[in-house]
Each structure stands twice: as structure tokens, then as C-alpha cells.
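J.: Okay, so here is work-v2.pdb, and as you'll see once you scroll down, it has PDB, C-alpha atoms.
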```
ATOM      1  CA  MET A   1       0.000   0.000   0.000
ATOM      2  CA  LYS A   2       2.927   2.327   0.503
ATOM      3  CA  GLU A   3       3.469   2.405  -3.241
ATOM      4  CA  LYS A   4      -0.107   3.628  -3.780
ATOM      5  CA  HIS A   5       0.371   6.552  -1.408
ATOM      6  CA  THR A   6       3.625   7.767  -2.959
ATOM      7  CA  PRO A   7       2.771  10.296  -5.703
ATOM      8  CA  ILE A   8       4.401   9.674  -9.061
ATOM      9  CA  VAL A   9       3.418  13.187 -10.193
ATOM     10  CA  GLU A  10       3.333  16.098  -7.742
ATOM     11  CA  LEU A  11       2.240  19.605  -8.684
ATOM     12  CA  PHE A  12       2.221  22.319  -6.038
ATOM     13  CA  ASN A  13       0.881  25.847  -6.650
ATOM     14  CA  ILE A  14       1.576  25.652 -10.376
ATOM     15  CA  ASN A  15       0.970  28.868 -12.330
ATOM     16  CA  PHE A  16       1.440  29.342 -16.055
ATOM     17  CA  THR A  17       1.125  32.621 -17.921
ATOM     18  CA  TYR A  18       1.359  33.189 -21.660
ATOM     19  CA  ASN A  19       1.706  36.722 -23.038
ATOM     20  CA  HIS A  20       0.707  38.043 -19.621
ATOM     21  CA  VAL A  21      -2.530  36.009 -19.747
ATOM     22  CA  PRO A  22      -3.003  33.480 -16.893
ATOM     23  CA  ILE A  23      -3.616  29.985 -18.285
ATOM     24  CA  LEU A  24      -3.255  28.016 -15.041
ATOM     25  CA  GLU A  25      -3.566  29.351 -11.496
ATOM     26  CA  ASN A  26      -2.467  27.687  -8.254
ATOM     27  CA  ILE A  27      -2.805  24.098  -9.449
ATOM     28  CA  THR A  28      -1.998  21.530  -6.758
ATOM     29  CA  LEU A  29      -2.503  17.948  -7.896
ATOM     30  CA  ASN A  30      -1.034  14.526  -7.088
ATOM     31  CA  VAL A  31      -1.163  11.391  -9.233
ATOM     32  CA  HIS A  32      -0.440   7.984  -7.701
ATOM     33  CA  GLN A  33       0.392   4.594  -9.132
ATOM     34  CA  LYS A  34      -2.719   2.689 -10.239
ATOM     35  CA  ASP A  35      -4.721   5.925 -10.486
ATOM     36  CA  PHE A  36      -7.199   6.287 -13.353
ATOM     37  CA  LEU A  37      -7.665  10.057 -13.467
ATOM     38  CA  GLY A  38      -9.991  11.851 -15.849
ATOM     39  CA  ILE A  39      -9.363  15.549 -16.535
ATOM     40  CA  ILE A  40     -12.375  17.494 -17.720
ATOM     41  CA  GLY A  41     -13.158  21.139 -18.386
ATOM     42  CA  PRO A  42     -14.093  23.563 -21.162
ATOM     43  CA  ASN A  43     -12.041  24.170 -24.270
ATOM     44  CA  GLY A  44      -9.317  26.691 -23.466
ATOM     45  CA  GLY A  45      -9.409  25.782 -19.776
ATOM     46  CA  GLY A  46      -5.752  24.714 -19.605
ATOM     47  CA  LYS A  47      -6.003  20.916 -19.812
ATOM     48  CA  THR A  48      -3.439  20.421 -22.590
ATOM     49  CA  THR A  49      -1.173  23.039 -21.003
ATOM     50  CA  LEU A  50      -1.220  21.039 -17.768
ATOM     51  CA  LEU A  51      -0.224  17.876 -19.627
ATOM     52  CA  LYS A  52       2.653  19.673 -21.363
ATOM     53  CA  ILE A  53       3.945  20.922 -18.010
ATOM     54  CA  ILE A  54       3.926  17.360 -16.657
ATOM     55  CA  LEU A  55       5.797  16.240 -19.786
ATOM     56  CA  GLY A  56       8.397  18.963 -19.396
ATOM     57  CA  LEU A  57       7.403  20.569 -22.693
ATOM     58  CA  LEU A  58       6.405  23.776 -20.904
ATOM     59  CA  THR A  59       7.956  25.337 -17.815
ATOM     60  CA  PRO A  60       5.543  26.740 -15.238
ATOM     61  CA  THR A  61       5.789  30.426 -14.430
ATOM     62  CA  SER A  62       5.908  29.486 -10.757
ATOM     63  CA  GLY A  63       5.308  26.508  -8.502
ATOM     64  CA  LYS A  64       6.924  23.114  -8.085
ATOM     65  CA  ILE A  65       6.533  19.890 -10.051
ATOM     66  CA  THR A  66       8.187  16.474  -9.837
ATOM     67  CA  VAL A  67       7.577  13.440 -12.043
ATOM     68  CA  PHE A  68       8.690  10.148 -10.530
ATOM     69  CA  GLY A  69      10.672  12.226  -8.045
ATOM     70  CA  LYS A  70      12.597  13.983 -10.833
ATOM     71  CA  ASP A  71      12.495  17.055 -13.001
ATOM     72  CA  PRO A  72       9.761  16.549 -15.653
ATOM     73  CA  VAL A  73      12.306  16.418 -18.492
ATOM     74  CA  GLU A  74      13.927  13.396 -16.819
ATOM     75  CA  GLY A  75      10.736  11.898 -15.450
ATOM     76  CA  ARG A  76       8.958  11.889 -18.805
ATOM     77  CA  LEU A  77      11.101   8.935 -19.878
ATOM     78  CA  SER A  78       8.620   6.848 -17.884
ATOM     79  CA  ILE A  79       5.568   8.383 -19.578
ATOM     80  CA  GLY A  80       3.670   7.205 -22.642
ATOM     81  CA  TYR A  81       1.896  10.133 -24.317
ATOM     82  CA  VAL A  82      -0.882  10.201 -26.908
ATOM     83  CA  PRO A  83      -1.387  13.794 -28.131
ATOM     84  CA  GLN A  84      -4.637  15.249 -29.374
ATOM     85  CA  ALA A  85      -3.349  15.685 -32.926
ATOM     86  CA  PHE A  86      -0.589  14.084 -34.987
ATOM     87  CA  ARG A  87       1.710  15.453 -37.653
ATOM     88  CA  PHE A  88       2.681  12.856 -40.215
ATOM     89  CA  HIS A  89       4.096  12.836 -43.714
ATOM     90  CA  PHE A  90       1.704  10.174 -44.910
ATOM     91  CA  ASP A  91       3.668   9.569 -48.106
ATOM     92  CA  PHE A  92       6.677   8.392 -46.104
ATOM     93  CA  PRO A  93       7.175   4.624 -46.680
ATOM     94  CA  ILE A  94       6.555   3.343 -43.161
ATOM     95  CA  THR A  95       4.304   0.577 -41.868
ATOM     96  CA  VAL A  96       2.029   0.448 -38.839
ATOM     97  CA  LEU A  97       4.502  -1.834 -37.040
ATOM     98  CA  ASP A  98       7.353   0.601 -37.800
ATOM     99  CA  VAL A  99       5.394   3.424 -36.167
ATOM    100  CA  VAL A 100       4.682   1.386 -33.035
ATOM    101  CA  LEU A 101       8.332   0.321 -32.815
ATOM    102  CA  MET A 102       9.193   4.005 -32.413
ATOM    103  CA  GLY A 103       7.902   3.592 -28.888
ATOM    104  CA  ARG A 104      10.951   1.442 -28.214
ATOM    105  CA  LEU A 105      13.464   4.129 -29.232
ATOM    106  CA  ARG A 106      13.981   5.405 -25.683
ATOM    107  CA  GLU A 107      15.513   1.996 -24.900
ATOM    108  CA  LYS A 108      18.014   2.274 -27.745
ATOM    109  CA  ARG A 109      21.465   3.724 -28.117
ATOM    110  CA  LEU A 110      22.338   5.596 -31.292
ATOM    111  CA  GLY A 111      22.518   3.153 -34.180
ATOM    112  CA  GLU A 112      21.208   0.203 -32.176
ATOM    113  CA  HIS A 113      18.714  -2.022 -33.998
ATOM    114  CA  TYR A 114      15.357  -3.307 -32.797
ATOM    115  CA  THR A 115      15.475  -6.738 -31.200
ATOM    116  CA  LEU A 116      13.017  -9.612 -31.465
ATOM    117  CA  GLY A 117      11.892  -8.614 -27.980
ATOM    118  CA  ASP A 118      11.134  -5.091 -29.211
ATOM    119  CA  ARG A 119       9.034  -6.523 -32.039
ATOM    120  CA  ASP A 120       7.146  -8.790 -29.656
ATOM    121  CA  ILE A 121       6.347  -5.824 -27.394
ATOM    122  CA  ALA A 122       5.206  -3.726 -30.365
ATOM    123  CA  GLN A 123       2.994  -6.485 -31.732
ATOM    124  CA  ASN A 124       1.491  -7.095 -28.305
ATOM    125  CA  ALA A 125       0.654  -3.373 -28.099
ATOM    126  CA  LEU A 126      -1.068  -3.598 -31.495
ATOM    127  CA  GLN A 127      -2.987  -6.628 -30.277
ATOM    128  CA  GLN A 128      -4.188  -4.647 -27.264
ATOM    129  CA  VAL A 129      -5.709  -1.971 -29.497
ATOM    130  CA  GLU A 130      -7.057  -4.545 -31.989
ATOM    131  CA  MET A 131      -4.762  -3.399 -34.811
ATOM    132  CA  LEU A 132      -2.373  -6.329 -35.171
ATOM    133  CA  ALA A 133      -3.926  -7.365 -38.486
ATOM    134  CA  PHE A 134      -2.820  -3.984 -39.886
ATOM    135  CA  LYS A 135       0.841  -4.259 -38.834
ATOM    136  CA  ASP A 136       2.171  -4.408 -42.405
ATOM    137  CA  LYS A 137      -0.143  -1.721 -43.783
ATOM    138  CA  HIS A 138       1.232   1.622 -44.931
ATOM    139  CA  ILE A 139       0.492   4.237 -42.264
ATOM    140  CA  GLY A 140      -0.989   6.591 -44.873
ATOM    141  CA  ASN A 141      -3.737   4.103 -45.721
ATOM    142  CA  LEU A 142      -5.378   4.178 -42.280
ATOM    143  CA  SER A 143      -8.517   6.003 -41.257
ATOM    144  CA  GLY A 144      -8.337   8.669 -38.546
ATOM    145  CA  GLY A 145      -9.644   6.275 -35.919
ATOM    146  CA  GLN A 146      -7.219   3.527 -36.915
ATOM    147  CA  LEU A 147      -4.314   5.968 -36.771
ATOM    148  CA  GLN A 148      -5.381   7.040 -33.279
ATOM    149  CA  ARG A 149      -5.303   3.432 -32.118
ATOM    150  CA  VAL A 150      -1.827   2.975 -33.601
ATOM    151  CA  MET A 151      -0.622   6.015 -31.666
ATOM    152  CA  ILE A 152      -2.008   4.499 -28.475
ATOM    153  CA  ALA A 153      -0.132   1.290 -29.308
ATOM    154  CA  ARG A 154       3.075   3.287 -29.835
ATOM    155  CA  ALA A 155       2.677   4.801 -26.359
ATOM    156  CA  LEU A 156       2.057   1.360 -24.848
ATOM    157  CA  ALA A 157       5.133  -0.061 -26.604
ATOM    158  CA  SER A 158       7.330   2.205 -24.484
ATOM    159  CA  GLU A 159       6.131   0.209 -21.436
ATOM    160  CA  PRO A 160       5.308   3.392 -19.514
ATOM    161  CA  LYS A 161       4.638   3.754 -15.815
ATOM    162  CA  LEU A 162       2.218   6.579 -16.609
ATOM    163  CA  LEU A 163       0.020   6.788 -19.696
ATOM    164  CA  ILE A 164      -1.263  10.263 -20.653
ATOM    165  CA  LEU A 165      -3.965  10.595 -23.309
ATOM    166  CA  ASP A 166      -5.274  13.921 -24.604
ATOM    167  CA  GLU A 167      -8.752  13.443 -26.130
ATOM    168  CA  PRO A 168      -7.784  10.023 -27.531
ATOM    169  CA  LEU A 169     -11.267   9.107 -28.787
ATOM    170  CA  SER A 170     -11.875  12.163 -30.940
ATOM    171  CA  SER A 171     -11.506  10.108 -34.148
ATOM    172  CA  ILE A 172     -12.388   6.622 -32.896
ATOM    173  CA  ASP A 173     -15.700   4.992 -33.781
ATOM    174  CA  SER A 174     -18.154   4.289 -30.975
ATOM    175  CA  LYS A 175     -17.945   0.529 -31.554
ATOM    176  CA  TRP A 176     -14.359   0.421 -30.302
ATOM    177  CA  GLN A 177     -14.712   3.014 -27.529
ATOM    178  CA  ALA A 178     -16.086   0.590 -24.928
ATOM    179  CA  SER A 179     -13.187  -1.800 -25.623
ATOM    180  CA  PHE A 180     -10.781   1.110 -25.254
ATOM    181  CA  TYR A 181     -12.069   2.066 -21.814
ATOM    182  CA  LEU A 182     -11.954  -1.554 -20.681
ATOM    183  CA  LEU A 183      -8.337  -1.676 -21.873
ATOM    184  CA  LEU A 184      -7.508   1.374 -19.756
ATOM    185  CA  GLN A 185      -9.138  -0.251 -16.743
ATOM    186  CA  GLN A 186      -6.905  -3.285 -17.228
ATOM    187  CA  LEU A 187      -3.802  -1.158 -17.729
ATOM    188  CA  LYS A 188      -4.318   0.793 -14.514
ATOM    189  CA  GLU A 189      -3.307  -2.323 -12.556
ATOM    190  CA  THR A 190       0.263  -1.733 -13.724
ATOM    191  CA  VAL A 191       0.210   1.786 -15.228
ATOM    192  CA  ALA A 192      -1.263   5.045 -13.936
ATOM    193  CA  VAL A 193      -3.604   6.623 -16.491
ATOM    194  CA  MET A 194      -4.407  10.305 -17.059
ATOM    195  CA  LEU A 195      -7.182  10.894 -19.573
ATOM    196  CA  VAL A 196      -8.354  14.263 -20.897
ATOM    197  CA  THR A 197     -11.901  13.840 -22.172
ATOM    198  CA  HIS A 198     -15.271  15.522 -22.625
ATOM    199  CA  ASP A 199     -17.055  12.154 -22.382
ATOM    200  CA  ILE A 200     -18.991  12.499 -19.132
ATOM    201  CA  SER A 201     -20.672   9.109 -19.504
ATOM    202  CA  ALA A 202     -17.244   7.452 -19.645
ATOM    203  CA  LEU A 203     -16.152   9.334 -16.540
ATOM    204  CA  ALA A 204     -19.137   8.094 -14.599
ATOM    205  CA  THR A 205     -18.667   4.512 -15.787
ATOM    206  CA  TYR A 206     -14.932   3.855 -15.926
ATOM    207  CA  VAL A 207     -12.778   6.556 -14.305
ATOM    208  CA  ASP A 208     -11.856   6.362 -10.603
ATOM    209  CA  GLN A 209     -10.975  10.024  -9.997
ATOM    210  CA  VAL A 210     -11.711  13.259 -11.784
ATOM    211  CA  ALA A 211     -10.048  16.672 -11.913
ATOM    212  CA  CYS A 212     -12.327  19.559 -12.951
ATOM    213  CA  LEU A 213     -10.100  22.195 -14.531
ATOM    214  CA  ASN A 214     -10.837  25.644 -15.898
ATOM    215  CA  ARG A 215      -7.714  27.699 -15.314
ATOM    216  CA  ARG A 216      -8.102  26.772 -11.650
ATOM    217  CA  LEU A 217      -8.658  23.316 -10.200
ATOM    218  CA  TYR A 218     -12.266  23.232  -9.012
ATOM    219  CA  TYR A 219     -12.200  19.656  -7.786
ATOM    220  CA  HIS A 220      -9.901  16.641  -7.554
ATOM    221  CA  GLY A 221     -11.127  13.410  -6.047
ATOM    222  CA  PRO A 222     -13.531  10.475  -6.513
ATOM    223  CA  THR A 223     -15.512  10.661  -9.724
ATOM    224  CA  LYS A 224     -18.965  10.313  -8.177
ATOM    225  CA  GLU A 225     -18.564  13.441  -6.073
ATOM    226  CA  GLY A 226     -16.603  15.208  -8.785
ATOM    227  CA  LEU A 227     -19.435  15.098 -11.316
ATOM    228  CA  GLN A 228     -21.338  17.418  -9.008
ATOM    229  CA  HIS A 229     -18.625  20.067  -9.521
ATOM    230  CA  LEU A 230     -18.661  20.066 -13.327
ATOM    231  CA  SER A 231     -21.038  23.001 -13.550
ATOM    232  CA  ASP A 232     -18.583  25.025 -11.432
ATOM    233  CA  ALA A 233     -15.722  24.315 -13.829
ATOM    234  CA  TYR A 234     -17.761  24.846 -16.994
ATOM    235  CA  GLN A 235     -19.756  27.740 -15.535
ATOM    236  CA  CYS A 236     -22.959  26.514 -17.157
ATOM    237  CA  PRO A 237     -25.731  24.050 -16.215
ATOM    238  CA  ILE A 238     -24.591  20.435 -16.160
ATOM    239  CA  GLU A 239     -27.418  19.503 -18.562
ATOM    240  CA  LEU A 240     -25.667  21.506 -21.289
ATOM    241  CA  ILE A 241     -22.353  19.791 -20.582
ATOM    242  CA  GLY A 242     -24.001  16.386 -20.858
ATOM    243  CA  HIS A 243     -25.293  17.210 -24.339
ATOM    244  CA  GLY A 244     -21.751  17.729 -25.581
ATOM    245  CA  ILE A 245     -22.035  21.438 -26.271
ATOM    246  CA  PRO A 246     -18.518  22.908 -26.543
ATOM    247  CA  HIS A 247     -17.859  25.748 -24.127
ATOM    248  CA  ARG A 248     -15.297  28.496 -24.050
ATOM    249  CA  ILE A 249     -15.759  30.692 -21.005
ATOM    250  CA  LEU A 250     -15.983  34.367 -21.891
ATOM    251  CA  GLY A 251     -14.604  37.341 -19.999
ATOM    252  CA  ASP A 252     -11.170  37.025 -18.443
ATOM    253  CA  HIS A 253     -10.751  33.299 -19.188
ATOM    254  CA  PRO A 254      -8.175  32.417 -21.844
TER     255      PRO A 254
END
```
Any chance you could give the structure as C-alpha cells?
T.:
Amino acid sequence: MKEKHTPIVELFNINFTYNHVPILENITLNVHQKDFLGIIGPNGGGKTTLLKIILGLLTPTSGKITVFGKDPVEGRLSIGYVPQAFRFHFDFPITVLDVVLMGRLREKRLGEHYTLGDRDIAQNALQQVEMLAFKDKHIGNLSGGQLQRVMIARALASEPKLLILDEPLSSIDSKWQASFYLLLQQLKETVAVMLVTHDISALATYVDQVACLNRRLYYHGPTKEGLQHLSDAYQCPIELIGHGIPHRILGDHP
């Protein structure tokens, strides 16, 4: 139980300002091993910025952050990340398996080749996202949803201790979504999961804890209680949130 109570990500009084505009204010948040944390809030509320700070891609204006007890740039070596959007040259001659094998690069020295073990790990990751049958397909021939699943497999191939996903189901068909959430529930036994999503029904069904974020952290804790705080974060009635209406808060919110 000690392992569960030792945070793998610690943020204390994190502030981030861009062009003198506050994006995040006084964010204090801990993530533990075996957590399944959903992050929810309106568009422009700072969710992706928070993820980039954890990944060491942005430096907070003030506050303290550690990732696996280290600076985020070092700690991110233990993180698998699936971004909201991908930039690919789809004419480049590369297969689905080649893309997933990229998740193994952090284990390699310069010039070192992939091993049979690397290929087994990559193929197992493709199996987990139900894309193994596509392993020899050209990456440019995939649909948006299939590509998203391959990117999830690439993150899993790195054998992360923390898996971060930023709106991973934006292009995935509803048929596979239930399987995806069940996969995350299985993974949380060995990997902490942070999921940015607007899918409130998934939060209520699958996610253990929720963080309601809109520049400030309105709530962080068990999902059941957290759903009651969504209207505070979105600053609109919860019925509107449940109907999937996108919200950008007006006034002084970025």
C-alpha cells in the first residue's frame, strides 16, 4: 500500500502565464500509481497546457513539479503520451509496425537495432488496441480512428509507468470506444492513467478520480462526487455539458 500513497506526479501551486494572460492558477494535484484520473473542463481551460507541463514541454511560471521524483524532463522517460493531434508525412514509406516500434526508441542507443523482444512488445501493443492485423499496412492508408489506435499502441510499446492521453477518442468509432475504456481499466493495474476527455458518460462509468479544470482546479477526487462540480468548472448548467455542447468561457478566461 505504501506504493499507492507515494505520488508519481506532484504539482504544487503551479501557475502558467502566456503573453501576460493566466492559463493556469495555483494548481496543486497529485497522481499515484494505479490511479485512473480523468481531466475534464471547457475548451481553453488549460487541460493540454497542464499535460505539457507534466511532460516537461512547458515550464511553469511558478510553482513546483516532480515526475517520478525527478524534473519533468527526466521523469517523462517513464511516460507514454498520446497527443490530441498528430503530424505525419503520410507519403513516407513506413508501416504500422514501424510506427509502433518508435515507442521502443527510448531503450536504444544511437545506431542500435530493434530486437526480437522489441518486435514482440510492439505487436502485443497492437494486439491490445485490436490493430495487429494492420501491422504491415502503410500508415498513410489508415482512417483517422485507426491511426489514433496505432498512436495508443506506440505509447504502450514504451512500457510506460504513466500513460497520458489527450482526447484520444476524438476520431475513434463508438464501436471500439467501450473496448478502449476496458483496456484502460486493465492497464491501470500496472500503469497510472491520465485521460483528458469531454465524455462524461465514460467518466461516470470507468474513471476512478476526476479533476475539474478551468484555469483553476475546481475539484480533484472520486468521480462520483466530482461530477457534481462540473457546472462550477464549466460555468454553465450540467445539462448543457451532458449534451456535448462545446464551451469556451468568456470574460477574463483564456
J.: One decimal, Å: what's the distance from CA of Val196 (chain A) over to CA of Phe92 (chain A), could you say?
T.: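 CA of Phe92 (chain A) lies at a distance of 29.9 Å from CA of Val196 (chain A).
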J.: Counting only C-alpha atoms, figure out which residue out of A:Leu187, A:Gln33, A:Cys212, A:Pro168 gets nearest to Gln228 (chain A).
T.: A:Cys212
J.: What separation in Å, quoted to one decimal, exists between CA of Leu156 (chain A) and CA of Thr115 (chain A)?
T.: 16.9 Å
J.: Would you translate the PyMOL selection byres ((chain A and resi 57-63) around 12) into the concrete set of residues it matches in this file, as an MDAnalysis selection string?
T.: chainID A and resid 10:29 48:56 64:66 71:76 81
J.: Give me the residues near Lys135 (chain A) as a PyMOL selection string, where near means some atom within 8 Å (using all atoms listed in the file) and where sequence neighbours in that chain fewer than 4 positions away do not count.
T.: chain A and resi 95-97+123+126+131
J.: Any idea what the distance is between CA of Ile200 (chain A) and CA of Trp176 (chain A)?
T.: 17.1 Å
J.: Check what the PyMOL selection byres ((chain A and resi 8) around 7) selects in the file above and give those residues as a tab-separated table (two decimals) with C-alpha atoms, in the frame of the given file.
T.:
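The result, written out as selection-v3.tsv:
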```tsv
chain	number	residue	atom	x	y	z
A	6	THR	CA	3.62	7.77	-2.96
A	7	PRO	CA	2.77	10.30	-5.70
A	9	VAL	CA	3.42	13.19	-10.19
A	10	GLU	CA	3.33	16.10	-7.74
A	31	VAL	CA	-1.16	11.39	-9.23
A	32	HIS	CA	-0.44	7.98	-7.70
A	33	GLN	CA	0.39	4.59	-9.13
A	67	VAL	CA	7.58	13.44	-12.04
A	68	PHE	CA	8.69	10.15	-10.53
A	69	GLY	CA	10.67	12.23	-8.04
```
J.: Kindly compute an axis-aligned box around the listed atoms of region 23-38 of chain A, allowing 3 Å on each side, and express its centre and edge lengths in Å to one decimal as lines of an AutoDock Vina configuration file.
T.:
```
center_x = -4.8
center_y = 16.3
center_z = -12.5
size_x = 16.4
size_y = 33.3
size_z = 17.5
```
J.: Name the closest residue to Gly45 (chain A) among the candidates A:Ile164, A:Thr223, A:Tyr114, A:Leu217; distances are taken between atoms, counting all atoms listed in the file.
T.: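 Under the stated criterion, the closest residue is A:Leu217.
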J.: Env of Leu183 (chain A): 12 Å cut, atoms = all atoms listed in the file, seq-sep filter 2 positions within chain, self excluded. Answer as a PyMOL selection string.
T.: chain A and resi 36+125+127-130+149+152-153+156+176-181+185-191+193+206
J.: For the PyMOL selection byres ((chain A and resi 162) around 6), applied here, can you spell out every residue it catches as a list in words?
T.: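 Applying the PyMOL selection byres ((chain A and resi 162) around 6) to the structure shown produces Ile79, Pro160, Lys161, Leu163, Val191, Ala192 and Val193 of chain A.
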J.: How would the residues just picked look written out with C-alpha atoms as a compact mmCIF listing (two decimals), in the coordinates of the input?
T.:
```
# COMPACT_ATOMS: atom_id res chain seq x y z
CA ILE A 79 5.57 8.38 -19.58
CA PRO A 160 5.31 3.39 -19.51
CA LYS A 161 4.64 3.75 -15.82
CA LEU A 163 0.02 6.79 -19.70
CA VAL A 191 0.21 1.79 -15.23
CA ALA A 192 -1.26 5.04 -13.94
CA VAL A 193 -3.60 6.62 -16.49
```
J.: Calculated over only C-alpha atoms, which of the candidates A:Glu159, A:Asp166, A:Arg104, A:Asp91 has the smallest distance to Asn141 (chain A)?
T.: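 Closest to Asn141 (chain A), using only C-alpha atoms: A:Asp91.
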J.: Would you mind telling me which residue in A:Ala202, A:Ala122, A:Ile139, A:Val150 lies nearest to Leu182 (chain A) when using only C-alpha atoms?
T.: A:Ala202
